[in-house]
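Raw target.cif, mmCIF, C-alpha atoms:
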data_model
#
loop_
_atom_site.label_atom_id
_atom_site.label_comp_id
_atom_site.auth_asym_id
_atom_site.auth_seq_id
_atom_site.Cartn_x
_atom_site.Cartn_y
_atom_site.Cartn_z
CA MET A 547 8.38 9.96 23.21
CA GLU A 548 7.84 6.48 21.86
CA LEU A 549 6.94 5.51 18.34
CA SER A 550 5.33 2.20 17.47
CA ILE A 551 5.32 0.68 14.02
CA LEU A 552 2.37 -1.64 13.47
CA TYR A 553 3.10 -4.35 10.90
CA ASP A 554 1.98 -7.75 9.80
CA ARG A 555 4.85 -8.54 7.45
CA LEU A 556 8.08 -6.70 7.96
CA ARG A 557 9.26 -4.98 4.78
CA TRP A 558 12.31 -2.88 4.00
CA GLU A 559 10.20 0.21 4.72
CA GLU A 560 9.31 -0.74 8.30
CA LYS A 561 12.94 -1.53 9.10
CA ALA A 562 14.04 1.78 7.56
CA LEU A 563 11.47 3.68 9.62
CA ALA A 564 12.65 1.97 12.82
CA ASP A 565 16.31 2.64 11.98
CA GLU A 566 15.68 6.34 11.34
CA ALA A 567 13.72 6.71 14.57
CA LYS A 568 16.64 5.24 16.50
CA LYS A 569 19.10 7.55 14.73
CA ILE A 570 17.24 10.63 15.96
CA GLY A 571 16.89 9.27 19.47
CA VAL A 572 13.25 8.22 19.34
CA LYS A 573 12.36 5.07 21.22
CA VAL A 574 10.73 2.73 18.72
CA GLY A 575 8.96 -0.60 18.89
CA LEU A 576 7.78 -2.93 16.14
CA VAL A 577 4.39 -4.43 16.94
CA ASP A 578 2.98 -7.40 15.03
CA ALA A 579 -0.75 -6.85 14.51
CA LYS A 580 -1.24 -10.61 14.16
CA ALA A 581 0.12 -11.24 17.64
CA HIS A 582 -1.62 -8.45 19.57
CA PRO A 583 -5.40 -8.60 20.00
CA LEU A 584 -7.16 -5.45 21.21
CA THR A 585 -9.86 -4.93 23.77
CA LEU A 586 -13.11 -3.52 22.40
CA VAL A 587 -15.33 -3.42 25.48
CA GLY A 588 -14.43 -4.42 29.03
CA GLY A 589 -11.09 -5.61 30.30
CA ASP A 590 -7.78 -3.82 30.45
CA SER A 591 -6.47 -1.70 27.60
CA VAL A 592 -3.95 -3.63 25.57
CA ALA A 593 -3.06 -0.56 23.57
CA ASN A 594 -1.53 1.31 26.47
CA SER A 595 0.78 -1.49 27.49
CA THR A 596 1.81 -2.36 23.94
CA PHE A 597 2.00 0.90 22.00
CA GLY A 598 3.90 4.14 22.36
CA ASP A 599 2.56 7.68 22.00
CA VAL A 600 2.12 7.52 18.25
CA VAL A 601 1.68 4.62 15.88
CA LEU A 602 2.61 4.29 12.23
CA GLU A 603 0.15 1.81 10.74
CA ARG A 604 2.11 -0.26 8.23
CA CYS A 605 0.12 -3.48 7.76
CA MET A 606 0.33 -5.07 4.34
CA SER A 607 -3.21 -6.36 4.70
CA HIS A 608 -5.40 -3.34 4.07
CA ILE A 609 -8.37 -4.82 5.89
CA ARG A 610 -6.32 -5.76 8.94
CA GLY A 611 -4.69 -2.33 9.09
CA LEU A 612 -8.02 -0.55 8.63
CA TYR A 613 -9.86 -2.30 11.44
CA TYR A 614 -6.88 -2.40 13.76
CA THR A 615 -6.65 1.38 13.36
CA ALA A 616 -10.37 1.82 14.06
CA VAL A 617 -9.85 0.26 17.48
CA LEU A 618 -6.40 1.60 18.26
CA GLU A 619 -7.09 5.25 17.50
CA ARG A 620 -9.54 5.44 20.39
CA GLU A 621 -6.44 5.55 22.60
CA LYS A 622 -3.50 6.42 20.37
CA VAL A 623 -2.56 8.76 17.57
CA VAL A 624 -2.42 6.51 14.51
CA ILE A 625 -1.00 7.51 11.15
CA ASN A 626 -2.81 7.14 8.88
CA SER A 627 -6.16 7.61 10.58
CA TYR A 628 -9.12 5.30 10.06
CA ASN A 629 -10.88 7.98 8.01
CA VAL A 630 -7.92 8.30 5.64
CA LEU A 631 -7.48 4.53 5.37
CA SER A 632 -11.17 3.95 4.77
CA LEU A 633 -10.86 6.00 1.58
CA THR A 634 -7.40 4.94 0.43
CA THR A 635 -8.02 1.20 0.85
CA ASN A 636 -10.93 1.43 -1.56
CA LYS A 637 -10.50 2.65 -5.13
CA LEU A 638 -14.20 3.36 -5.56
CA LEU A 639 -14.31 5.59 -2.47
CA THR A 640 -11.01 7.23 -3.47
CA THR A 641 -12.50 8.12 -6.86
CA LEU A 642 -15.56 9.65 -5.19
CA ALA A 643 -13.36 11.72 -2.84
CA LEU A 644 -11.13 12.92 -5.68
CA ASP A 645 -14.07 13.92 -7.83
CA LYS A 646 -15.81 15.67 -4.95
CA ALA A 647 -12.66 17.72 -4.35
CA GLY A 648 -12.37 18.61 -8.03
CA VAL A 649 -9.17 16.63 -8.57
CA PRO A 650 -8.73 15.50 -12.19
CA THR A 651 -9.06 11.73 -12.35
CA PRO A 652 -9.69 9.22 -15.17
CA LYS A 653 -13.26 8.66 -16.37
CA THR A 654 -14.58 5.85 -14.20
CA ALA A 655 -17.84 3.96 -13.81
CA VAL A 656 -19.08 1.03 -11.80
CA ALA A 657 -21.47 -1.82 -12.46
CA PHE A 658 -22.90 -4.37 -10.07
CA SER A 659 -23.66 -7.35 -12.31
CA LEU A 660 -22.05 -9.12 -15.24
CA GLU A 661 -24.76 -8.06 -17.67
CA SER A 662 -24.70 -4.39 -16.73
CA ALA A 663 -20.88 -4.45 -16.67
CA LEU A 664 -20.86 -5.60 -20.31
CA GLU A 665 -23.34 -2.89 -21.29
CA LEU A 666 -21.27 -0.33 -19.43
CA ALA A 667 -18.03 -1.49 -21.06
CA ASP A 668 -19.60 -1.25 -24.53
CA ARG A 669 -20.82 2.24 -23.74
CA MET A 670 -17.43 3.40 -22.39
CA GLY A 671 -15.59 1.91 -25.35
CA TYR A 672 -12.43 -0.13 -25.54
CA PRO A 673 -9.69 -0.38 -24.45
CA LEU A 674 -10.56 0.10 -20.84
CA VAL A 675 -9.17 -0.93 -17.50
CA ILE A 676 -10.80 -3.02 -14.79
CA LYS A 677 -9.52 -2.89 -11.23
CA PRO A 678 -10.53 -4.61 -8.03
CA ILE A 679 -11.74 -1.90 -5.66
CA ILE A 680 -9.55 -3.31 -2.89
CA GLY A 681 -6.02 -4.43 -3.60
CA SER A 682 -2.66 -3.12 -4.65
CA TRP A 683 0.53 -3.78 -6.61
CA GLY A 684 -1.54 -3.97 -9.80
CA LYS A 685 -2.98 -7.32 -8.71
CA MET A 686 -5.93 -8.33 -10.89
CA VAL A 687 -5.78 -5.01 -12.76
CA ALA A 688 -6.44 -5.79 -16.41
CA CYS A 689 -6.58 -3.96 -19.71
CA ILE A 690 -9.61 -5.04 -21.74
CA ARG A 691 -9.19 -4.51 -25.47
CA ASP A 692 -12.55 -5.59 -26.81
CA ARG A 693 -15.95 -7.12 -26.08
CA ARG A 694 -14.61 -10.67 -26.20
CA GLU A 695 -11.99 -9.99 -23.58
CA ALA A 696 -14.58 -8.24 -21.43
CA GLU A 697 -16.88 -11.27 -21.58
CA ALA A 698 -14.08 -13.68 -20.72
CA LEU A 699 -12.78 -11.61 -17.85
CA PHE A 700 -16.16 -10.71 -16.37
CA GLU A 701 -17.34 -14.33 -16.53
CA THR A 702 -14.18 -15.43 -14.76
CA ARG A 703 -14.77 -12.85 -12.04
CA GLU A 704 -18.34 -14.05 -11.70
CA MET A 705 -17.03 -17.53 -10.87
CA ILE A 706 -14.89 -16.15 -8.06
CA HIS A 707 -17.50 -16.21 -5.35
CA GLU A 708 -16.22 -13.14 -3.61
CA PRO A 709 -18.56 -10.14 -3.28
CA LEU A 710 -15.91 -7.52 -4.05
CA GLN A 711 -15.13 -9.25 -7.35
CA GLN A 712 -18.74 -8.68 -8.38
CA ILE A 713 -18.17 -4.93 -8.31
CA TYR A 714 -17.01 -3.95 -11.80
CA TYR A 715 -14.92 -0.81 -11.43
CA LEU A 716 -14.12 0.27 -14.98
CA GLN A 717 -11.83 3.09 -15.99
CA GLU A 718 -10.84 4.65 -19.28
CA TYR A 719 -7.46 3.50 -20.60
CA VAL A 720 -5.49 6.73 -20.44
CA GLN A 721 -3.04 7.38 -23.24
CA ARG A 722 0.16 8.25 -21.40
CA PRO A 723 3.92 7.95 -21.70
CA PRO A 724 5.26 4.53 -20.58
CA ARG A 725 5.40 5.79 -17.02
CA ASP A 726 3.31 7.26 -14.26
CA ILE A 727 4.10 9.53 -11.34
CA ARG A 728 4.37 8.52 -7.70
CA ALA A 729 4.46 11.41 -5.26
CA ILE A 730 5.06 10.78 -1.58
CA VAL A 731 3.12 13.31 0.42
CA VAL A 732 3.72 13.80 4.14
CA GLY A 733 1.24 16.16 5.77
CA ASP A 734 0.83 19.02 3.31
CA LYS A 735 4.20 18.60 1.58
CA ILE A 736 5.47 16.52 -1.31
CA ILE A 737 8.74 15.04 -0.06
CA ALA A 738 9.69 12.92 -3.07
CA THR A 739 8.48 12.37 -6.60
CA ILE A 740 9.42 9.63 -9.00
CA TYR A 741 8.44 8.38 -12.41
CA ARG A 742 7.64 4.70 -12.47
CA TYR A 743 8.51 3.31 -15.90
CA GLN A 744 6.62 0.23 -16.94
CA PRO A 745 8.74 -2.85 -17.60
CA GLU A 746 9.07 -4.08 -21.20
CA ASP A 747 6.67 -6.97 -20.67
CA ASP A 748 3.92 -5.19 -18.73
CA TRP A 749 1.73 -2.10 -19.20
CA ARG A 750 1.45 -1.62 -15.44
CA THR A 751 4.00 0.60 -13.74
CA ASN A 752 3.95 -0.75 -10.18
CA VAL A 753 7.46 -1.10 -8.75
CA ALA A 754 6.20 -4.38 -7.25
CA ARG A 755 5.76 -5.59 -10.87
CA GLY A 756 9.19 -4.49 -12.00
CA GLY A 757 8.50 -0.81 -12.71
CA ALA A 758 11.68 1.27 -12.65
CA ALA A 759 11.98 4.33 -10.38
CA VAL A 760 13.46 7.51 -11.85
CA LEU A 761 13.61 10.84 -10.05
CA ALA A 762 10.93 13.25 -11.30
CA LYS A 763 10.52 16.99 -11.16
CA LEU A 764 6.95 18.24 -11.35
CA GLU A 765 5.66 21.56 -12.60
CA PRO A 766 4.07 23.78 -9.91
CA GLU A 767 0.56 23.20 -11.30
CA GLN A 768 1.17 19.44 -11.19
CA GLU A 769 2.29 19.70 -7.57
CA ASP A 770 -0.91 21.60 -6.77
CA ILE A 771 -2.97 18.72 -8.15
CA ILE A 772 -1.01 16.20 -6.05
CA ILE A 773 -1.51 18.20 -2.85
CA LYS A 774 -5.18 18.71 -3.63
CA ALA A 775 -5.52 14.94 -4.12
CA ALA A 776 -3.83 14.20 -0.79
CA LYS A 777 -6.11 16.66 0.98
CA ALA A 778 -9.14 15.05 -0.66
CA VAL A 779 -8.60 11.89 1.42
CA GLY A 780 -7.33 13.68 4.52
CA GLU A 781 -3.91 14.42 5.87
CA GLY A 782 -1.31 11.77 6.45
CA VAL A 783 1.52 9.83 4.85
CA LEU A 784 0.37 9.08 1.33
CA GLY A 785 1.52 7.83 -2.03
CA VAL A 786 -0.33 9.72 -4.75
CA ASP A 787 -0.22 8.12 -8.21
CA ALA A 788 -0.94 10.16 -11.31
CA MET A 789 -0.68 9.89 -15.08
CA GLU A 790 0.39 12.48 -17.62
CA SER A 791 -2.37 12.77 -20.22
CA GLU A 792 -3.54 15.14 -22.94
CA ARG A 793 -5.92 16.54 -20.33
CA GLY A 794 -3.05 17.17 -17.94
CA LEU A 795 -2.25 15.24 -14.79
CA LEU A 796 -4.88 12.65 -13.81
CA VAL A 797 -4.71 11.18 -10.30
CA HIS A 798 -5.74 7.53 -10.37
CA GLU A 799 -4.82 6.15 -6.97
CA ILE A 800 -3.81 7.12 -3.46
CA ASN A 801 -1.94 4.67 -1.26
CA GLY A 802 -2.45 4.85 2.49
CA CYS A 803 0.45 2.58 3.42
CA VAL A 804 2.95 3.83 0.89
CA GLU A 805 5.95 1.71 -0.07
CA PHE A 806 8.96 3.89 -0.76
CA LYS A 807 11.91 1.58 -1.34
CA GLY A 808 11.92 2.47 -5.03
CA ALA A 809 11.68 6.21 -4.37
CA ALA A 810 14.34 6.03 -1.66
CA SER A 811 16.73 4.39 -4.11
CA VAL A 812 16.77 7.52 -6.30
CA SER A 813 15.72 10.38 -4.02
CA THR A 814 18.18 12.56 -2.14
CA VAL A 815 15.56 13.08 0.57
CA ASN A 816 15.65 10.81 3.60
CA ILE A 817 12.07 9.61 3.19
CA PRO A 818 11.77 7.42 6.31
CA ARG A 819 13.19 10.19 8.47
CA LYS A 820 10.66 12.69 7.14
CA ILE A 821 7.86 10.24 7.95
CA VAL A 822 9.15 9.61 11.48
CA GLU A 823 9.57 13.34 12.13
CA TYR A 824 6.01 13.95 10.92
CA ALA A 825 4.67 11.20 13.18
CA ILE A 826 6.36 12.41 16.34
CA GLY A 827 5.39 15.98 15.44
CA LYS A 828 1.73 14.98 15.63
CA VAL A 829 2.15 14.18 19.32
CA LYS A 830 4.44 17.04 20.26
CA ARG A 831 1.94 19.59 18.97
CA MET B 968 22.52 -18.09 10.74
CA LYS B 969 21.36 -21.22 9.02
CA THR B 970 18.29 -23.36 9.40
CA SER B 971 16.46 -25.88 7.30
CA CYS B 972 13.26 -25.70 5.28
CA GLU B 973 10.46 -27.80 6.73
CA VAL B 974 8.97 -28.33 3.27
CA CYS B 975 11.98 -29.54 1.28
CA GLY B 976 14.82 -29.70 3.80
CA GLY B 977 16.84 -27.10 1.91
CA GLU B 978 19.24 -24.83 3.74
CA ILE B 979 17.89 -21.35 4.54
CA ASP B 980 20.40 -18.62 5.23
CA VAL B 981 18.96 -16.15 7.74
CA PRO B 982 20.89 -12.85 7.84
CA ASP B 983 22.76 -12.28 11.10
CA ASP B 984 20.94 -8.97 11.59
CA ALA B 985 17.49 -10.45 10.96
CA ILE B 986 14.79 -9.38 13.39
CA LYS B 987 11.47 -10.81 14.47
CA GLY B 988 8.85 -10.43 11.76
CA GLU B 989 11.26 -10.52 8.84
CA ILE B 990 10.54 -12.81 5.91
CA VAL B 991 13.05 -15.34 4.60
CA SER B 992 12.56 -17.82 1.81
CA CYS B 993 13.99 -21.19 0.95
CA PRO B 994 16.33 -20.89 -2.06
CA ASP B 995 15.43 -24.42 -3.17
CA CYS B 996 11.64 -24.56 -3.08
CA GLY B 997 10.65 -20.91 -2.53
CA SER B 998 8.67 -21.50 0.66
CA GLU B 999 8.43 -18.33 2.73
CA TYR B 1000 8.93 -18.13 6.46
CA GLU B 1001 8.55 -15.43 9.06
CA VAL B 1002 11.24 -15.11 11.72
CA ALA B 1003 9.23 -15.87 14.89
CA GLU B 1004 12.15 -15.24 17.24
CA ILE B 1005 15.88 -15.45 17.58
CA LYS B 1006 16.56 -17.88 20.43
CA GLU B 1007 20.09 -18.18 21.75
CA GLY B 1008 21.46 -17.01 18.43
CA LYS B 1009 19.34 -19.40 16.39
CA PRO B 1010 16.38 -18.38 14.25
CA VAL B 1011 12.98 -19.91 14.92
CA LEU B 1012 10.84 -19.80 11.79
CA LYS B 1013 7.12 -20.19 11.16
CA PRO B 1014 5.36 -20.40 7.80
CA ALA B 1015 4.66 -16.90 6.47
CA GLU B 1016 1.13 -15.78 5.64
CA GLU B 1017 0.21 -16.18 2.00
CA ILE B 1018 -0.31 -13.01 0.00
CA GLY B 1019 -3.92 -11.90 0.33
CA GLU B 1020 -6.21 -10.16 -2.11
CA ASP B 1021 -6.11 -7.03 0.06
CA TRP B 1022 -2.34 -6.92 0.43
CA GLY B 1023 -0.35 -4.01 -0.83
CA GLU B 1024 0.54 -0.46 -0.05
#

Using the file provided, produce a representation of the structure as structure tokens.
Amino acid sequence: MELSILYDRLRWEEKALADEAKKIGVKVGLVDAKAHPLTLVGGDSVANSTFGDVVLERCMSHIRGLYYTAVLEREKVVINSYNVLSLTTNKLLTTLALDKAGVPTPKTAVAFSLESALELADRMGYPLVIKPIIGSWGKMVACIRDRREAEALFETREMIHEPLQQIYYLQEYVQRPPRDIRAIVVGDKIIATIYRYQPEDDWRTNVARGGAAVLAKLEPEQEDIIIKAAKAVGEGVLGVDAMESERGLLVHEINGCVEFKGAASVSTVNIPRKIVEYAIGKVKR
Amino acid sequence: MKTSCEVCGGEIDVPDDAIKGEIVSCPDCGSEYEVAEIKEGKPVLKPAEEIGEDWGE
């Protein structure tokens, strides 16, 4: 049994996964996606000589990880799969999958031009939240308080000549405590749950932005929503983010390459070991 | 392990247990480097990729 960890920038998480694999006697290799091209058609398989039986896809670049997986999973078991990543790397597609599965999620709408985005924002009402459909760590996520801010922000996006920035993904600003919930789901089980408290100088809760991790205990009905959300994008290793609202738990994001340093700092569960055991279990089956 | 920053010449301390792919940064100017290899006990660094729009978790 050999496990490969595909990365493009080695984080604490990838080192922890490799360490845990070694501790339980699993041969493990770290493979840099940037340094290993893959054969599409013709020529020898690079995958077989480079990768083990199962691969944990851990690229920080969503696009790189997504397309690398599309090629690699023709020959190897890759976690997460292309189908899962294709939904989790894209907030718009995640929202569609959540809604289709009946998972409670914030009211969301999308516009495809500056003018229609302004009309849409006025109709939704302020404050509201705009997010890039691809991206993470709260990057370029903004709270828009009124029409003036919407105009300024949308016009700025218009000047960024990047097609994805011209997709205006707008979401209601959910009234919530100064925290959200991050649940780490492996297969069909929640293995760790934390609150992420927003820092004093930011409304976003991302640990990457200084959000503080505190161990959380969910109610059974909240856990059901988290599991339902994970199933909505497919099975794998996932970070499900949700907010506590007057309407109950609302799932707003699912991460397909979940960072768990914050959760590991407060959880009594050995998160990287659970992930490694899940990965090797997919091949042993 | 110590090496110098190619941008400002500052001294970069690379942890002894560093492995290929790890990121280190210059304490003086903040430039980030990826450990390309450890050759005969000495780290070989290359400039790290800049954070992309699609980076994250």

Would you mind listing, for every residue of chain A within 7 Å of chain B, the two atoms forming the shortest contact and the distance between them in Å to one decimal, using all atoms listed in the file, sorted by chain and ascending residue number, as JSON lines?
{"residue": "A:Arg555", "atom": "CA", "partner": "B:Gly988", "partner_atom": "CA", "distance": 6.2}
{"residue": "A:Leu556", "atom": "CA", "partner": "B:Glu989", "partner_atom": "CA", "distance": 5.0}
{"residue": "A:Met606", "atom": "CA", "partner": "B:Trp1022", "partner_atom": "CA", "distance": 5.1}
{"residue": "A:Ser607", "atom": "CA", "partner": "B:Trp1022", "partner_atom": "CA", "distance": 4.4}
{"residue": "A:His608", "atom": "CA", "partner": "B:Asp1021", "partner_atom": "CA", "distance": 5.5}
{"residue": "A:Ile609", "atom": "CA", "partner": "B:Asp1021", "partner_atom": "CA", "distance": 6.6}
{"residue": "A:Ile680", "atom": "CA", "partner": "B:Asp1021", "partner_atom": "CA", "distance": 5.9}
{"residue": "A:Gly681", "atom": "CA", "partner": "B:Asp1021", "partner_atom": "CA", "distance": 4.5}
{"residue": "A:Ser682", "atom": "CA", "partner": "B:Gly1023", "partner_atom": "CA", "distance": 4.6}
{"residue": "A:Trp683", "atom": "CA", "partner": "B:Gly1023", "partner_atom": "CA", "distance": 5.9}
{"residue": "A:Asn801", "atom": "CA", "partner": "B:Glu1024", "partner_atom": "CA", "distance": 5.8}
{"residue": "A:Gly802", "atom": "CA", "partner": "B:Glu1024", "partner_atom": "CA", "distance": 6.6}
{"residue": "A:Cys803", "atom": "CA", "partner": "B:Glu1024", "partner_atom": "CA", "distance": 4.6}
{"residue": "A:Val804", "atom": "CA", "partner": "B:Glu1024", "partner_atom": "CA", "distance": 5.0}
{"residue": "A:Glu805", "atom": "CA", "partner": "B:Glu1024", "partner_atom": "CA", "distance": 5.8}

### Task
In Å, rounded to a single decimal, give me how far atom CA of Glu823 of chain A is from atom CA of Glu560 of chain A.
14.6 Å

#### Entry: One-decimal distance in Å that lies between atom CA of Asp734 of chain A and atom CA of Val623 of chain A
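Value for the atom CA of Val623 of chain A-atom CA of Asp734 of chain A distance: 17.9 Å.
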
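Reported to one decimal place, the separation of atom CA of Ile679 of chain A from atom CA of Glu718 of chain A is 15.1 Å.
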
### Query
What lies within 12 Å of Val991 of chain B using all atoms listed in the file, ignoring chain neighbours under 2 positions off, as an MDAnalysis selection string?
(chainID A and resid 555:557) or (chainID B and resid 968:972 978:982 985:989 993:994 997:1003 1010:1016)

Okay, now the selection with C-alpha atoms, as a PDB file, in the coordinates of the input?
ATOM      1  CA  ARG A 555       4.850  -8.540   7.450  1.00  0.00           C
ATOM      2  CA  LEU A 556       8.080  -6.700   7.960  1.00  0.00           C
ATOM      3  CA  ARG A 557       9.260  -4.980   4.780  1.00  0.00           C
TER       4      ARG A 557
ATOM      5  CA  MET B 968      22.520 -18.090  10.740  1.00  0.00           C
ATOM      6  CA  LYS B 969      21.360 -21.220   9.020  1.00  0.00           C
ATOM      7  CA  THR B 970      18.290 -23.360   9.400  1.00  0.00           C
ATOM      8  CA  SER B 971      16.460 -25.880   7.300  1.00  0.00           C
ATOM      9  CA  CYS B 972      13.260 -25.700   5.280  1.00  0.00           C
ATOM     10  CA  GLU B 978      19.240 -24.830   3.740  1.00  0.00           C
ATOM     11  CA  ILE B 979      17.890 -21.350   4.540  1.00  0.00           C
ATOM     12  CA  ASP B 980      20.400 -18.620   5.230  1.00  0.00           C
ATOM     13  CA  VAL B 981      18.960 -16.150   7.740  1.00  0.00           C
ATOM     14  CA  PRO B 982      20.890 -12.850   7.840  1.00  0.00           C
ATOM     15  CA  ALA B 985      17.490 -10.450  10.960  1.00  0.00           C
ATOM     16  CA  ILE B 986      14.790  -9.380  13.390  1.00  0.00           C
ATOM     17  CA  LYS B 987      11.470 -10.810  14.470  1.00  0.00           C
ATOM     18  CA  GLY B 988       8.850 -10.430  11.760  1.00  0.00           C
ATOM     19  CA  GLU B 989      11.260 -10.520   8.840  1.00  0.00           C
ATOM     20  CA  CYS B 993      13.990 -21.190   0.950  1.00  0.00           C
ATOM     21  CA  PRO B 994      16.330 -20.890  -2.060  1.00  0.00           C
ATOM     22  CA  GLY B 997      10.650 -20.910  -2.530  1.00  0.00           C
ATOM     23  CA  SER B 998       8.670 -21.500   0.660  1.00  0.00           C
ATOM     24  CA  GLU B 999       8.430 -18.330   2.730  1.00  0.00           C
ATOM     25  CA  TYR B1000       8.930 -18.130   6.460  1.00  0.00           C
ATOM     26  CA  GLU B1001       8.550 -15.430   9.060  1.00  0.00           C
ATOM     27  CA  VAL B1002      11.240 -15.110  11.720  1.00  0.00           C
ATOM     28  CA  ALA B1003       9.230 -15.870  14.890  1.00  0.00           C
ATOM     29  CA  PRO B1010      16.380 -18.380  14.250  1.00  0.00           C
ATOM     30  CA  VAL B1011      12.980 -19.910  14.920  1.00  0.00           C
ATOM     31  CA  LEU B1012      10.840 -19.800  11.790  1.00  0.00           C
ATOM     32  CA  LYS B1013       7.120 -20.190  11.160  1.00  0.00           C
ATOM     33  CA  PRO B1014       5.360 -20.400   7.800  1.00  0.00           C
ATOM     34  CA  ALA B1015       4.660 -16.900   6.470  1.00  0.00           C
ATOM     35  CA  GLU B1016       1.130 -15.780   5.640  1.00  0.00           C
TER      36      GLU B1016
END

### Message
Evaluate the PyMOL selection byres ((chain A and resi 554) around 6) against this structure - the residues, as a list of chain:residue names, please.
### Response
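Checking the PyMOL selection byres ((chain A and resi 554) around 6) against this file, the residues are A:Tyr553, A:Arg555, A:Asp578, A:Ala579, A:Cys605.
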
### Message
I'd like to see the residues matched by the PyMOL selection byres ((chain A and resi 629) around 10) on this file, and ideally I'd get them as a PyMOL selection string.
### Response
chain A and resi 612+615-616+626-628+630-634+779-781

### Message
the PyMOL selection byres ((chain A and resi 755-760) around 8) - which residues does that actually catch in the file I just gave you? List them as a PyMOL selection string.
### Response
chain A and resi 683-684+740-745+750-754+761-762+808-809+811-812

### Query
From the set A:Gly827, A:Gly571, A:Pro678, A:Gly648, which residue has the shortest atom-to-atom contact distance to Ala775 of chain A, counting only C-alpha atoms?
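Under the stated criterion, the closest residue is A:Gly648.
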